[in-house]
Amino acid sequence: AKVFQLAALEGQRRVLGDEHKDTLSSMTNMGNLLDDTGDHEGALGYYQQALRVQEKVLGKTHPSTVNTIENMAITYHVGLKDFLMAEKMFRQALDGYERSLGKNHEDTKNCAFNVALFLCWHLLGLCKRK
């Protein structure tokens, strides 16, 4: 799957350019694939590439941009165990969802749940900060 996803991404970059929504979606999908297979550093690299372009093209509070930030938070938390960065990214994602979608939107509520869950881990001592 990784080979096919990478080939699709490279084709989109070549034909559509890095700023096209389909290319950005493929960058994020590549990050998801790598994260799911345990390559958290590789995933973070694709998320960071996508985020740079999304912030420039879509804006910092666009739902796609904020979703990438939340993906990064999860990678920092679960995969890389960098709890300081995870907390920063979770809070940034929640703020972005609240600004772009409102507090009652399902994506905002899901992110708030993830932030609460993350903070509970700390209260229970299941995470140690770097």
# chains A, B, ... in the order shown; residues from 1 in each chain; ligands from 1

$ residues_around --residues "A:Gly59" --least-positions-apart "6" --cutoff "12 Å" --atoms "only C-alpha atoms" --output "PyMOL selection string"
chain A and resi 51-53+65-66+96+99-100

$ select_by_dssp --residues "chain A" --states "alpha helix (DSSP H)" --output "VMD selection string"
chain A and resid 2 to 16 21 to 36 40 to 57 63 to 74 83 to 101 106 to 123

$ closest_residue --among "A:His77, A:Asp82, A:Val15, A:Gly102" --to "A:Val115" --atoms "only C-alpha atoms"
A:His77

$ closest_residue --among "A:Asp107, A:Glu55, A:Glu98, A:Glu41" --to "A:Met72" --atoms "only C-alpha atoms"
A:Glu41

$ atom_distance --atom1 "atom CA of A:Thr108" --atom2 "atom CA of A:Gly45"
24.7 Å

$ residues_around --residues "stretch 23-31 of chain A" --least-positions-apart "6" --cutoff "12 Å" --atoms "only C-alpha atoms" --output "PyMOL selection string"
chain A and resi 1-17+37-58+64-72+74-75

$ write_last_selection --atoms "N, CA and C atoms" --output "compact mmCIF listing (two decimals), in the first residue's frame"
# COMPACT_ATOMS: atom_id res chain seq x y z
N ALA A 1 0.82 -1.20 0.00
CA ALA A 1 0.00 0.00 0.00
C ALA A 1 0.86 1.26 0.00
N LYS A 2 1.97 1.18 0.74
CA LYS A 2 2.86 2.34 0.84
C LYS A 2 3.42 2.73 -0.53
N VAL A 3 3.82 1.74 -1.31
CA VAL A 3 4.38 2.01 -2.64
C VAL A 3 3.35 2.67 -3.54
N PHE A 4 2.11 2.18 -3.51
CA PHE A 4 1.05 2.73 -4.35
C PHE A 4 0.67 4.15 -3.91
N GLN A 5 0.59 4.35 -2.61
CA GLN A 5 0.26 5.68 -2.09
C GLN A 5 1.34 6.69 -2.47
N LEU A 6 2.59 6.28 -2.34
CA LEU A 6 3.70 7.16 -2.69
C LEU A 6 3.70 7.47 -4.19
N ALA A 7 3.42 6.47 -5.01
CA ALA A 7 3.36 6.69 -6.46
C ALA A 7 2.23 7.65 -6.81
N ALA A 8 1.09 7.49 -6.17
CA ALA A 8 -0.05 8.39 -6.41
C ALA A 8 0.31 9.81 -6.00
N LEU A 9 0.95 9.96 -4.85
CA LEU A 9 1.34 11.29 -4.37
C LEU A 9 2.32 11.95 -5.33
N GLU A 10 3.32 11.21 -5.77
CA GLU A 10 4.31 11.78 -6.70
C GLU A 10 3.66 12.18 -8.02
N GLY A 11 2.72 11.37 -8.50
CA GLY A 11 1.99 11.72 -9.72
C GLY A 11 1.17 12.98 -9.55
N GLN A 12 0.51 13.10 -8.42
CA GLN A 12 -0.29 14.31 -8.17
C GLN A 12 0.60 15.54 -8.06
N ARG A 13 1.72 15.39 -7.39
CA ARG A 13 2.64 16.52 -7.28
C ARG A 13 3.09 16.98 -8.67
N ARG A 14 3.41 16.03 -9.51
CA ARG A 14 3.90 16.34 -10.85
C ARG A 14 2.81 16.99 -11.71
N VAL A 15 1.60 16.45 -11.66
CA VAL A 15 0.52 16.92 -12.53
C VAL A 15 -0.24 18.11 -11.93
N LEU A 16 -0.56 18.04 -10.66
CA LEU A 16 -1.42 19.05 -10.04
C LEU A 16 -0.65 20.11 -9.25
N GLY A 17 0.53 19.75 -8.78
CA GLY A 17 1.31 20.67 -7.94
C GLY A 17 1.03 20.44 -6.46
N THR A 37 1.55 2.19 10.28
CA THR A 37 2.52 1.10 10.17
C THR A 37 3.72 1.28 11.10
N GLY A 38 3.65 2.28 11.98
CA GLY A 38 4.68 2.46 12.99
C GLY A 38 5.82 3.39 12.62
N ASP A 39 5.79 3.98 11.44
CA ASP A 39 6.83 4.93 11.05
C ASP A 39 6.36 6.33 11.42
N HIS A 40 6.45 6.63 12.72
CA HIS A 40 5.91 7.89 13.23
C HIS A 40 6.71 9.10 12.77
N GLU A 41 8.03 8.97 12.69
CA GLU A 41 8.86 10.08 12.20
C GLU A 41 8.52 10.37 10.73
N GLY A 42 8.38 9.31 9.93
CA GLY A 42 8.01 9.49 8.53
C GLY A 42 6.64 10.14 8.39
N ALA A 43 5.71 9.70 9.23
CA ALA A 43 4.36 10.27 9.22
C ALA A 43 4.41 11.76 9.53
N LEU A 44 5.16 12.09 10.55
CA LEU A 44 5.27 13.49 10.95
C LEU A 44 5.83 14.35 9.82
N GLY A 45 6.78 13.80 9.06
CA GLY A 45 7.34 14.53 7.93
C GLY A 45 6.29 14.88 6.89
N TYR A 46 5.42 13.92 6.57
CA TYR A 46 4.36 14.19 5.59
C TYR A 46 3.31 15.15 6.16
N TYR A 47 2.99 14.98 7.44
CA TYR A 47 2.04 15.92 8.06
C TYR A 47 2.61 17.34 8.03
N GLN A 48 3.89 17.48 8.33
CA GLN A 48 4.50 18.81 8.35
C GLN A 48 4.51 19.43 6.96
N GLN A 49 4.80 18.62 5.94
CA GLN A 49 4.76 19.13 4.55
C GLN A 49 3.36 19.62 4.22
N ALA A 50 2.37 18.80 4.52
CA ALA A 50 0.98 19.17 4.23
C ALA A 50 0.59 20.43 5.01
N LEU A 51 0.96 20.48 6.28
CA LEU A 51 0.58 21.61 7.12
C LEU A 51 1.14 22.93 6.59
N ARG A 52 2.40 22.92 6.18
CA ARG A 52 2.99 24.17 5.64
C ARG A 52 2.18 24.71 4.47
N VAL A 53 1.81 23.83 3.56
CA VAL A 53 1.06 24.26 2.38
C VAL A 53 -0.39 24.60 2.76
N GLN A 54 -1.02 23.80 3.61
CA GLN A 54 -2.40 24.06 4.01
C GLN A 54 -2.52 25.43 4.69
N GLU A 55 -1.59 25.75 5.59
CA GLU A 55 -1.65 27.06 6.26
C GLU A 55 -1.54 28.19 5.25
N LYS A 56 -0.69 28.00 4.25
CA LYS A 56 -0.48 29.03 3.22
C LYS A 56 -1.70 29.15 2.30
N VAL A 57 -2.22 28.02 1.84
CA VAL A 57 -3.26 28.02 0.82
C VAL A 57 -4.67 28.09 1.42
N LEU A 58 -4.92 27.33 2.47
CA LEU A 58 -6.26 27.24 3.05
C LEU A 58 -6.46 28.14 4.27
N SER A 64 -9.42 21.27 7.13
CA SER A 64 -8.39 20.33 6.67
C SER A 64 -7.06 20.61 7.35
N THR A 65 -6.72 21.88 7.51
CA THR A 65 -5.50 22.26 8.20
C THR A 65 -5.54 21.79 9.65
N VAL A 66 -6.67 22.04 10.29
CA VAL A 66 -6.82 21.67 11.71
C VAL A 66 -6.79 20.16 11.88
N ASN A 67 -7.35 19.43 10.93
CA ASN A 67 -7.31 17.97 10.99
C ASN A 67 -5.87 17.46 10.94
N THR A 68 -5.04 18.08 10.11
CA THR A 68 -3.64 17.71 10.04
C THR A 68 -2.94 17.99 11.37
N ILE A 69 -3.26 19.11 11.99
CA ILE A 69 -2.69 19.43 13.30
C ILE A 69 -3.08 18.38 14.33
N GLU A 70 -4.34 17.95 14.30
CA GLU A 70 -4.80 16.92 15.23
C GLU A 70 -4.09 15.59 14.95
N ASN A 71 -3.90 15.25 13.68
CA ASN A 71 -3.15 14.03 13.34
C ASN A 71 -1.74 14.09 13.91
N MET A 72 -1.11 15.26 13.82
CA MET A 72 0.23 15.43 14.36
C MET A 72 0.22 15.26 15.88
N ILE A 74 -1.77 13.43 17.66
CA ILE A 74 -1.91 12.01 17.96
C ILE A 74 -0.58 11.29 17.74
N THR A 75 0.13 11.65 16.67
CA THR A 75 1.42 11.03 16.40
C THR A 75 2.43 11.37 17.50

$ atom_distance --atom1 "atom CA of A:Tyr97" --atom2 "atom CA of A:Tyr76"
19.0 Å
